[in-house]
Structures are given as C-alpha cells and as structure tokens.
>>> print(open('final03.txt').read())   # compact mmCIF, C-alpha atoms
# COMPACT_ATOMS: atom_id res chain seq x y z
CA MET K 1 32.32 77.81 124.57
CA ALA K 2 32.89 79.01 121.01
CA GLN K 3 30.61 81.98 121.68
CA PHE K 4 31.93 82.75 125.16
CA ASN K 5 33.84 86.04 125.42
CA ALA K 6 36.04 86.34 128.52
CA SER K 7 37.15 89.92 127.79
CA PRO K 8 34.37 91.80 129.67
CA ILE K 9 34.88 89.41 132.61
CA ILE K 10 38.66 89.17 132.96
CA GLY K 11 39.64 92.45 131.28
CA PRO K 12 38.17 94.88 133.87
CA ILE K 13 39.70 92.91 136.72
CA VAL K 14 43.16 92.97 135.12
CA VAL K 15 42.94 96.70 134.43
CA GLY K 16 41.64 97.34 137.95
CA VAL K 17 44.48 95.39 139.57
CA VAL K 18 47.08 97.27 137.49
CA LEU K 19 45.60 100.62 138.54
CA LEU K 20 45.38 99.41 142.13
CA GLY K 21 49.10 98.63 141.99
CA VAL K 22 49.81 102.17 140.82
CA LEU K 23 47.67 103.61 143.63
CA TYR K 24 49.40 101.36 146.14
CA GLY K 25 52.81 102.56 145.00
CA SER K 26 51.65 106.15 145.34
CA ALA K 27 50.29 105.45 148.82
CA VAL K 28 53.57 103.87 149.96
CA VAL K 29 55.57 106.88 148.76
CA GLN K 30 53.14 109.27 150.43
CA ALA K 31 53.23 107.28 153.67
CA TYR K 32 57.04 107.44 153.69
CA LEU K 33 56.96 111.20 153.13
CA TYR K 34 54.34 111.59 155.84
CA PHE K 35 56.40 109.83 158.51
CA GLN K 36 59.48 111.81 157.46
CA ARG K 37 57.79 115.22 157.49
CA PHE K 38 55.45 114.93 160.45
CA PRO K 39 57.13 112.87 163.20
CA LYS K 40 55.27 114.80 165.92
CA ASP K 41 51.80 113.91 164.73
CA SER K 42 49.43 112.20 167.13
CA TRP K 43 49.75 108.44 167.53
CA ARG K 44 46.12 108.20 166.39
CA VAL K 45 46.89 109.74 163.01
CA LYS K 46 50.05 107.66 162.64
CA GLY K 47 48.07 104.57 163.57
CA LEU K 48 45.47 105.36 160.94
CA VAL K 49 48.16 105.71 158.26
CA THR K 50 49.76 102.43 159.35
CA PHE K 51 46.38 100.69 159.31
CA GLU K 52 45.58 101.95 155.82
CA ILE K 53 48.93 100.88 154.34
CA SER K 54 48.82 97.47 156.05
CA ILE K 55 45.32 96.65 154.83
CA GLN K 56 46.14 97.96 151.36
CA THR K 57 49.14 95.62 151.19
CA ILE K 58 46.98 92.61 152.01
CA HIS K 59 44.28 93.89 149.65
CA LEU K 60 46.68 94.17 146.70
CA ALA K 61 48.23 90.74 147.33
CA LEU K 62 44.81 89.07 147.41
CA MET K 63 43.66 90.92 144.28
CA ILE K 64 46.76 89.71 142.40
CA PHE K 65 46.05 86.16 143.55
CA GLY K 66 42.41 86.47 142.49
CA MET K 67 43.39 87.92 139.10
CA TRP K 68 45.79 85.01 138.53
CA THR K 69 43.01 82.55 139.35
CA MET K 70 40.64 84.17 136.87
CA SER K 71 43.06 84.94 134.03
CA VAL K 72 45.28 81.83 134.18
CA THR K 73 43.80 79.01 136.25
CA ASN K 74 40.17 79.45 135.13
CA TYR K 75 40.73 81.14 131.79
CA SER K 76 38.21 80.11 129.09
CA ASP K 77 36.23 78.13 131.67
CA SER K 78 32.90 79.92 131.60
CA THR K 79 31.55 77.88 134.51
CA ALA K 80 34.45 78.80 136.80
CA LEU K 81 34.43 82.46 135.73
CA ALA K 82 30.83 82.73 136.86
CA TYR K 83 32.09 82.50 140.44
CA LEU K 84 34.31 85.01 142.21
CA PRO K 85 37.60 83.52 143.49
CA ASN K 86 37.95 83.37 147.28
CA PRO K 87 40.86 85.89 147.38
CA THR K 88 38.75 88.43 145.48
CA ILE K 89 35.82 87.90 147.84
CA ILE K 90 38.07 88.49 150.87
CA THR K 91 39.13 91.84 149.37
CA ILE K 92 35.46 92.85 149.26
CA ILE K 93 35.33 92.28 153.02
CA LEU K 94 38.55 94.28 153.53
CA CYS K 95 37.31 97.36 151.62
CA PRO K 96 34.66 98.59 154.14
CA PRO K 97 37.14 99.18 157.01
CA ILE K 98 39.49 101.06 154.66
CA ALA K 99 36.75 103.39 153.46
CA VAL K 100 34.99 103.99 156.79
CA ALA K 101 38.26 104.84 158.55
CA VAL K 102 39.05 107.55 155.99
CA GLN K 103 35.50 108.89 155.81
CA GLY K 104 35.21 108.96 159.60
CA PHE K 105 38.51 110.83 159.83
CA PHE K 106 37.33 113.52 157.43
CA VAL K 107 33.86 113.78 158.99
CA LEU K 108 35.49 114.46 162.35
CA ARG K 109 37.74 117.12 160.83
CA VAL K 110 34.81 118.84 159.15
CA TYR K 111 33.03 118.89 162.50
CA LYS K 112 36.04 120.44 164.21
CA LEU K 113 36.23 123.08 161.51
CA SER K 114 32.51 123.91 161.51
CA GLU K 115 31.69 123.07 165.16
CA GLN K 116 28.24 121.99 164.00
CA PRO K 117 27.00 118.75 165.62
CA LEU K 118 24.50 118.25 162.80
CA LEU K 119 27.31 117.79 160.28
CA LEU K 120 28.95 115.25 162.57
CA ALA K 121 25.68 113.37 163.01
CA VAL K 122 24.75 113.31 159.33
CA GLY K 123 28.26 112.52 158.10
CA GLY K 124 28.77 109.85 160.74
CA LEU K 125 25.39 108.26 159.97
CA LEU K 126 26.18 108.14 156.24
CA ALA K 127 29.64 106.64 156.81
CA ILE K 128 28.47 104.01 159.31
CA SER K 129 25.41 103.05 157.24
CA LYS K 130 27.59 102.65 154.17
CA PHE K 131 30.04 100.53 156.17
CA VAL K 132 27.29 98.18 157.39
CA LEU K 133 25.80 97.71 153.90
CA HIS K 134 29.23 97.32 152.31
CA LEU K 135 30.29 94.69 154.84
CA THR K 136 26.93 92.91 154.45
CA PHE K 137 27.52 92.71 150.71
CA GLY K 138 31.01 91.28 151.29
CA ILE K 139 29.67 88.58 153.61
CA ALA K 140 26.91 87.76 151.12
CA ALA K 141 29.50 87.46 148.34
CA TYR K 142 31.55 85.06 150.47
CA ILE K 143 28.48 82.87 151.06
CA ILE K 144 26.97 82.96 147.56
CA LYS K 145 30.06 83.30 145.30
CA ASP K 146 27.87 83.05 142.16
CA THR K 147 28.18 86.52 140.62
CA ALA K 148 24.90 86.44 138.69
CA ARG K 149 22.95 85.36 141.74
CA LEU K 150 24.80 87.87 143.92
CA VAL K 151 23.93 90.76 141.63
CA HIS K 152 20.31 89.62 141.32
CA GLU K 153 19.68 89.11 145.03
CA TRP K 154 21.95 91.77 146.52
CA GLY K 155 21.91 94.45 143.85
CA TRP K 156 19.89 96.69 146.16
CA CYS K 157 22.70 96.47 148.74
CA ILE K 158 25.35 97.48 146.18
CA THR K 159 23.22 100.40 145.00
CA SER K 160 22.48 101.53 148.56
CA TYR K 161 26.07 101.61 149.79
CA LEU K 162 27.25 103.37 146.63
CA VAL K 163 24.58 106.08 147.02
CA LEU K 164 25.43 106.54 150.71
CA SER K 165 29.14 106.71 149.96
CA ILE K 166 28.66 109.32 147.22
CA ALA K 167 26.48 111.36 149.57
CA CYS K 168 29.06 111.18 152.38
CA ASP K 169 32.01 112.17 150.16
CA THR K 170 30.06 115.01 148.60
CA LEU K 171 28.95 116.27 152.02
CA ILE K 172 32.55 116.30 153.26
CA ALA K 173 33.91 118.14 150.21
CA THR K 174 31.17 120.76 150.05
CA SER K 175 31.04 121.37 153.83
CA LEU K 176 34.79 121.81 154.00
CA SER K 177 34.77 124.21 151.05
CA TYR K 178 31.91 126.24 152.51
CA HIS K 179 33.47 126.64 155.95
CA LEU K 180 36.87 127.44 154.47
CA GLN K 181 35.16 130.16 152.44
CA LEU K 182 33.83 131.63 155.69
CA ARG K 183 37.40 131.86 157.00
CA LYS K 184 38.47 134.40 154.38
CA THR K 185 39.75 137.63 155.90
CA GLY K 186 39.34 139.92 152.89
CA PHE K 187 43.11 140.23 152.37
CA ASN K 188 44.57 138.96 149.13
CA ARG K 189 47.31 136.74 150.51
CA THR K 190 45.26 134.76 153.00
CA SER K 191 42.33 134.62 150.58
CA ARG K 192 44.52 133.12 147.86
CA ILE K 193 45.78 130.46 150.23
CA ILE K 194 42.24 129.58 151.34
CA ASP K 195 41.13 129.48 147.67
CA ARG K 196 43.83 126.91 147.03
CA MET K 197 42.61 124.90 150.02
CA ILE K 198 39.07 124.96 148.67
CA LEU K 199 40.13 123.79 145.20
CA TYR K 200 42.25 121.07 146.74
CA ALA K 201 39.39 119.91 148.97
CA LEU K 202 36.99 119.73 146.03
CA ALA K 203 39.50 117.95 143.80
CA THR K 204 40.38 115.24 146.32
CA GLY K 205 36.85 114.83 147.70
CA LEU K 206 35.12 114.57 144.36
CA THR K 207 37.61 112.02 143.00
CA THR K 208 36.20 109.22 145.12
CA SER K 209 32.56 110.27 144.69
CA THR K 210 32.93 110.58 140.90
CA THR K 211 34.55 107.14 140.66
CA GLU K 212 31.73 105.65 142.72
CA LEU K 213 29.14 107.38 140.56
CA VAL K 214 30.66 105.90 137.39
CA GLU K 215 30.81 102.54 139.15
CA ALA K 216 27.12 102.79 140.04
CA ILE K 217 26.16 103.73 136.47
CA CYS K 218 28.12 100.77 135.09
CA PHE K 219 26.48 98.46 137.62
CA TRP K 220 22.98 99.71 136.76
CA THR K 221 23.47 99.56 132.99
CA MET K 222 25.86 96.58 132.63
CA PRO K 223 25.30 94.19 135.56
CA ASN K 224 26.25 91.13 133.51
CA ASN K 225 29.92 92.03 133.11
CA TYR K 226 32.71 93.03 135.50
CA ILE K 227 33.29 96.62 134.41
CA TRP K 228 31.71 97.93 137.61
CA LEU K 229 33.82 95.45 139.59
CA GLY K 230 36.98 96.74 137.91
CA LEU K 231 36.14 100.23 139.21
CA TYR K 232 35.33 98.78 142.61
CA VAL K 233 38.85 97.31 142.77
CA ILE K 234 40.51 100.76 142.80
CA GLU K 235 38.02 102.38 145.19
CA SER K 236 39.93 101.56 148.38
CA GLY K 237 43.19 102.81 146.87
CA LEU K 238 41.59 106.17 146.15
CA TYR K 239 40.47 106.53 149.77
CA THR K 240 43.92 105.77 151.15
CA ASN K 241 45.59 108.18 148.73
CA SER K 242 43.10 110.94 149.53
CA LEU K 243 43.91 110.62 153.23
CA LEU K 244 47.68 110.69 152.67
CA ALA K 245 47.44 113.53 150.17
CA ALA K 246 45.51 115.60 152.72
CA LEU K 247 48.08 114.91 155.41
CA ASN K 248 51.09 115.67 153.22
CA SER K 249 49.53 118.76 151.66
CA ARG K 250 50.22 120.57 154.93
CA SER K 251 53.79 121.05 153.74
CA LEU K 252 52.58 122.80 150.59
CA PHE K 253 50.33 125.20 152.46
CA ASN K 254 52.90 125.79 155.18
CA ASP K 255 55.35 126.87 152.45
CA SER K 256 52.70 129.17 150.98
CA LEU K 257 52.11 130.75 154.37
CA ARG K 258 55.81 131.30 154.98
CA ASN K 259 56.16 132.92 151.56
CA SER K 260 53.25 135.20 152.46
CA GLU K 261 55.07 136.63 155.48
CA VAL K 262 53.04 134.49 157.87
CA PRO K 263 55.16 133.58 160.91
CA TYR K 264 53.18 130.51 161.97
CA GLU K 265 52.51 127.25 160.24
CA LEU K 266 49.00 126.32 159.25
CA GLY K 267 48.55 123.01 160.97
CA PHE K 268 46.05 120.24 160.58
CA SER K 269 43.58 119.89 163.41
CA PRO K 270 41.32 122.83 164.24
CA ARG K 271 42.22 122.55 167.89
CA GLY K 272 45.87 121.63 167.38
CA SER K 273 45.45 118.43 169.34
CA GLU K 274 46.30 115.66 166.93
CA THR K 275 48.95 116.83 164.54
CA ALA K 276 52.33 118.40 164.37
CA GLY K 277 52.75 122.04 165.22
CA THR K 278 56.44 122.70 164.93
CA SER K 279 56.08 126.47 164.81
CA TYR K 280 54.15 126.99 168.00
CA GLY K 281 55.11 126.34 171.55
CA ASP K 282 52.76 123.55 172.58
CA PRO K 283 51.73 121.24 169.74
CA LYS K 284 49.28 119.52 172.09
CA GLY K 285 47.53 122.68 173.15
CA SER K 286 43.93 123.40 172.31
CA GLN K 287 44.27 127.03 171.30
CA PRO K 288 43.63 128.14 167.70
CA ILE K 289 46.49 129.52 165.63
CA LEU K 290 46.87 133.22 165.05
CA ILE K 291 48.14 134.07 161.59
CA SER K 292 49.60 137.54 161.11
CA VAL K 293 49.52 138.96 157.60
CA MET K 294 51.33 142.17 156.67
CA HIS K 295 49.25 144.30 154.34
CA GLU K 296 49.96 147.95 153.46
CA ARG K 297 51.66 148.85 156.75
CA GLU K 298 48.95 147.13 158.77
CA THR K 299 49.20 143.92 160.72
CA VAL K 300 45.94 141.99 160.56
CA HIS K 301 45.43 139.08 162.93
CA SER K 302 43.22 136.32 161.63
CA GLU K 303 42.19 133.30 163.65
CA VAL K 304 42.43 130.30 161.35
CA ASP K 305 41.60 126.77 162.36
CA GLU K 306 43.89 124.05 161.10
CA ALA K 307 41.49 123.04 158.40
CA GLN K 308 43.74 121.59 155.76
CA GLY K 309 43.76 118.18 157.37
CA THR K 310 40.20 117.76 156.20
CA GLY K 311 41.22 118.52 152.61
CA ARG K 312 39.13 116.02 150.70
>>> encode(input="final03.txt", output="structure tokens")
Amino acid sequence: MAQFNASPIIGPIVVGVVLLGVLYGSAVVQAYLYFQRFPKDSWRVKGLVTFEISIQTIHLALMIFGMWTMSVTNYSDSTALAYLPNPTIITIILCPPIAVAVQGFFVLRVYKLSEQPLLLAVGGLLAISKFVLHLTFGIAAYIIKDTARLVHEWGWCITSYLVLSIACDTLIATSLSYHLQLRKTGFNRTSRIIDRMILYALATGLTTSTTELVEAICFWTMPNNYIWLGLYVIESGLYTNSLLAALNSRSLFNDSLRNSEVPYELGFSPRGSETAGTSYGDPKGSQPILISVMHERETVHSEVDEAQGTGR
C-alpha cells in the first residue's frame, strides 16, 4: 500500500468526467439552439437529437457516480480500484449506440451527396462492425470487471473497434470533402462557401478520429493505467457535439449564402427530404436546390445538394 500510486488510475477518470461535463453542457446548448432554429426538420432528425441528449444525460450521471465510487468510496484501496465500478461499466455499454447513431447518420448523408452505393456499403459496414465489437467489449467488461484481466483477454476487441472507428470517421470526412470539392462552380463566391464547408467537415470529422487514435496509442503503450480510459470517457460526447454542430452550422452557411446574393438557403439533406427548407416552397420535396450567383452581369445557376448536414 505504501508503494501504491492511485494517480494514474483515478486521475484520468476525474479529468475525463470533467471534460465530459463540459461537452455535455455544450451539447445541451446546441440542442436548444437546434430546436429553436430548425422547427421544421424531419421527426427522424429531431428524434436522433433527442436520443443523443437523453443517453448523454444518463451517461454523464453514471460516470459521476462511478468517479465518486473510485475517488471517494474506494480511494487508496488498491484491490477495489483494480475493478471497474458497475456505473462505469454501464456507460461502456451505452457508448456504442451513441456512436453508431451519429456515424450512421453521416454515412447516409455522404451517400446522398455522392450517390455512390459503395460508400454507403463500406461506411455502413465499418460503423456496424465497430458497434458490434464495442458492444461486445462492454458486455465482457460487465461480466469480468477485473480491468487487468479485461485488457489482457479483450485487448484485441478494444484495438479492433478503435481501428474501425478511426477508419469510418476518416472515410466520412475525406469523402465529404472530396465530393464538396466536385461541387465547385468556378465562381469565387460559391467556391469560398464550399471551401468553408470542406474545412468545417475536416475539422469536425477528424476531431473524433484523432481522439480515438490518441486513445489507441495510450492503450497500446500504457495498458496498465487508465489514461486510455480517460480519453474513452469523452468519446461519446465528441460524437454528439459533432452531430449537433453539423446541424446548427446550417445557419452559418445560410447567412453566408444570403450575403453572397444567393436567394435560396443551403439546406441539409441532398434531396431536401429530412430537414428544414424555409426558403423554398415544399420542404418535403425531392428536388435539388438551385442557387443563383450574380457574377459580372451574369447569372449562373448551380445545382447544389444540401451537403452541409454531413459536415463532419
């Protein structure tokens, strides 16, 4: 006991829970803004936002309970700290649905933008495979509870779902950026707006994949402490915030389009079927949006799919 150091065990969990609380607060604010700004969005998108916030609320409450158990109830008890508290284990089971819902949402949007079934198949396979492995790890953690044994016996599962998740997030970000690049018209104003979309997609998409990469490196190099688990704690919060940021960013790009003498809003879904379209006659229609840009006495019509909803 005199040689036992609880810092690399309790410390990462405490830091992770604090950061998770910050991400949760950000998600709640973004969810409020979303419902205020886009009341005409599809019930499916609204349901997804409600699902994410509800699960995140339960997730945060259980993580706080688990942190209390580790840092107060079991503090300095090396035997007890070798086992994950039940509330923390339940959060591991809650994380896969949060991540797969967001990844599936973005994979579908990339498909609608690109209209390439291969992207849908590959992205969907990566997201579902990651979900299965992630959930399997959560169930194994609930059964085993011993962290050292869990890492030793199920380390391959942790590595596999992290690799699949990084691949899926990277595929979404790069595919979205590539197909947005193809939408450029050659005119400065629309090109600048699409450039901003591309940067935004890369920034939001690579946030989750970079965090998971650092988490994987910490797990591979330091499996005997909880630094990787501290990063794992905030992973679900990043997914929820990336979804809400993509939804709310429509207001930013709509303002940019209006300032660029564009008479229509740039919506969210490439077929206009699932999100608000306050500037066009039928928000439930399937027609693409025509954006008119005035440039040196010429009116250039450019058909632009509502791609920003995929902005990860």
>>> closest_residue(input="final03.txt", among="K:Ser175, K:Thr211, K:Ser42, K:Thr88", to="Gln116 of chain K", atoms="all atoms listed in the file")
K:Ser175
>>> closest_residue(input="final03.txt", among="K:Thr221, K:Asn248, K:Ser114, K:Ser236", to="Ile92 of chain K", atoms="all atoms listed in the file")
K:Ser236
>>> atom_distance(input="final03.txt", atom1="atom CA of His134 of chain K", atom2="atom CA of Pro96 of chain K")
5.9 Å
>>> atom_distance(input="final03.txt", atom1="atom CA of Leu125 of chain K", atom2="atom CA of Ala167 of chain K")
10.9 Å
>>> atom_distance(input="final03.txt", atom1="atom CA of Leu162 of chain K", atom2="atom CA of Val233 of chain K")
13.6 Å
>>> residues_around(input="final03.txt", residues="Ile93 of chain K", least_positions_apart="3", cutoff="7 Å", atoms="only C-alpha atoms", output="short mmCIF file (atom, residue, chain, number, x, y, z; two decimals) with C-alpha atoms, in the frame of the given file")
data_model
loop_
_atom_site.label_atom_id
_atom_site.label_comp_id
_atom_site.auth_asym_id
_atom_site.auth_seq_id
_atom_site.Cartn_x
_atom_site.Cartn_y
_atom_site.Cartn_z
CA ILE K 89 35.82 87.90 147.84
CA ILE K 90 38.07 88.49 150.87
CA PRO K 96 34.66 98.59 154.14
CA LEU K 135 30.29 94.69 154.84
CA GLY K 138 31.01 91.28 151.29
CA ILE K 139 29.67 88.58 153.61
#
>>> closest_residue(input="final03.txt", among="K:Met67, K:Ala141, K:Ala173, K:Asn224", to="Leu206 of chain K", atoms="all atoms listed in the file")
K:Ala173
>>> residues_around(input="final03.txt", residues="Leu150 of chain K", least_positions_apart="6", cutoff="10 Å", atoms="only C-alpha atoms", output="PDB file with C-alpha atoms, in the frame of the given file")
ATOM      1  CA  TYR K  83      32.090  82.500 140.440  1.00  0.00           C
ATOM      2  CA  PHE K 137      27.520  92.710 150.710  1.00  0.00           C
ATOM      3  CA  ALA K 140      26.910  87.760 151.120  1.00  0.00           C
ATOM      4  CA  ALA K 141      29.500  87.460 148.340  1.00  0.00           C
ATOM      5  CA  TYR K 142      31.550  85.060 150.470  1.00  0.00           C
ATOM      6  CA  ILE K 143      28.480  82.870 151.060  1.00  0.00           C
ATOM      7  CA  ILE K 144      26.970  82.960 147.560  1.00  0.00           C
ATOM      8  CA  ILE K 158      25.350  97.480 146.180  1.00  0.00           C
TER       9      ILE K 158
END
>>> residues_around(input="final03.txt", residues="Gly123 of chain K", least_positions_apart="3", cutoff="12 Å", atoms="all atoms listed in the file", output="NGL selection string")
:K and (100 or 103-111 or 116-120 or 126-130 or 164-175)
>>> axis_aligned_box(input="final03.txt", around="segment 32-45 of chain K", padding_each_side="5 Å", output="JSON")
{"center_x": 52.8, "center_y": 111.3, "center_z": 160.3, "size_x": 23.4, "size_y": 17.8, "size_z": 24.4}
>>> residues_near_point(input="final03.txt", point="(36.4, 99.5, 139.2)", cutoff="12 Å", atoms="only C-alpha atoms", output="JSON, numbers by chain")
{"K": [11, 12, 13, 14, 15, 16, 17, 18, 19, 20, 208, 210, 211, 212, 213, 214, 215, 216, 217, 218, 219, 225, 226, 227, 228, 229, 230, 231, 232, 233, 234, 235, 236, 237, 238]}
>>> write_last_selection(input="final03.txt", atoms="C-alpha atoms", output="PDB file, keeping the file's coordinate frame")
ATOM      1  CA  GLY K  11      39.640  92.450 131.280  1.00  0.00           C
ATOM      2  CA  PRO K  12      38.170  94.880 133.870  1.00  0.00           C
ATOM      3  CA  ILE K  13      39.700  92.910 136.720  1.00  0.00           C
ATOM      4  CA  VAL K  14      43.160  92.970 135.120  1.00  0.00           C
ATOM      5  CA  VAL K  15      42.940  96.700 134.430  1.00  0.00           C
ATOM      6  CA  GLY K  16      41.640  97.340 137.950  1.00  0.00           C
ATOM      7  CA  VAL K  17      44.480  95.390 139.570  1.00  0.00           C
ATOM      8  CA  VAL K  18      47.080  97.270 137.490  1.00  0.00           C
ATOM      9  CA  LEU K  19      45.600 100.620 138.540  1.00  0.00           C
ATOM     10  CA  LEU K  20      45.380  99.410 142.130  1.00  0.00           C
ATOM     11  CA  THR K 208      36.200 109.220 145.120  1.00  0.00           C
ATOM     12  CA  THR K 210      32.930 110.580 140.900  1.00  0.00           C
ATOM     13  CA  THR K 211      34.550 107.140 140.660  1.00  0.00           C
ATOM     14  CA  GLU K 212      31.730 105.650 142.720  1.00  0.00           C
ATOM     15  CA  LEU K 213      29.140 107.380 140.560  1.00  0.00           C
ATOM     16  CA  VAL K 214      30.660 105.900 137.390  1.00  0.00           C
ATOM     17  CA  GLU K 215      30.810 102.540 139.150  1.00  0.00           C
ATOM     18  CA  ALA K 216      27.120 102.790 140.040  1.00  0.00           C
ATOM     19  CA  ILE K 217      26.160 103.730 136.470  1.00  0.00           C
ATOM     20  CA  CYS K 218      28.120 100.770 135.090  1.00  0.00           C
ATOM     21  CA  PHE K 219      26.480  98.460 137.620  1.00  0.00           C
ATOM     22  CA  ASN K 225      29.920  92.030 133.110  1.00  0.00           C
ATOM     23  CA  TYR K 226      32.710  93.030 135.500  1.00  0.00           C
ATOM     24  CA  ILE K 227      33.290  96.620 134.410  1.00  0.00           C
ATOM     25  CA  TRP K 228      31.710  97.930 137.610  1.00  0.00           C
ATOM     26  CA  LEU K 229      33.820  95.450 139.590  1.00  0.00           C
ATOM     27  CA  GLY K 230      36.980  96.740 137.910  1.00  0.00           C
ATOM     28  CA  LEU K 231      36.140 100.230 139.210  1.00  0.00           C
ATOM     29  CA  TYR K 232      35.330  98.780 142.610  1.00  0.00           C
ATOM     30  CA  VAL K 233      38.850  97.310 142.770  1.00  0.00           C
ATOM     31  CA  ILE K 234      40.510 100.760 142.800  1.00  0.00           C
ATOM     32  CA  GLU K 235      38.020 102.380 145.190  1.00  0.00           C
ATOM     33  CA  SER K 236      39.930 101.560 148.380  1.00  0.00           C
ATOM     34  CA  GLY K 237      43.190 102.810 146.870  1.00  0.00           C
ATOM     35  CA  LEU K 238      41.590 106.170 146.150  1.00  0.00           C
TER      36      LEU K 238
END
>>> closest_residue(input="final03.txt", among="K:Asp146, K:Asn241, K:Ala246, K:Thr79", to="Val29 of chain K", atoms="all atoms listed in the file")
K:Asn241
>>> residues_around(input="final03.txt", residues="Ala6 of chain K", least_positions_apart="3", cutoff="8 Å", atoms="only C-alpha atoms", output="list in words")
Ile9, Ile10, Gly11, Tyr75, Ser76 and Ser78 of chain K
>>> closest_residue(input="final03.txt", among="K:Tyr239, K:Trp220, K:Thr91, K:Lys112", to="Leu176 of chain K", atoms="only C-alpha atoms")
K:Lys112
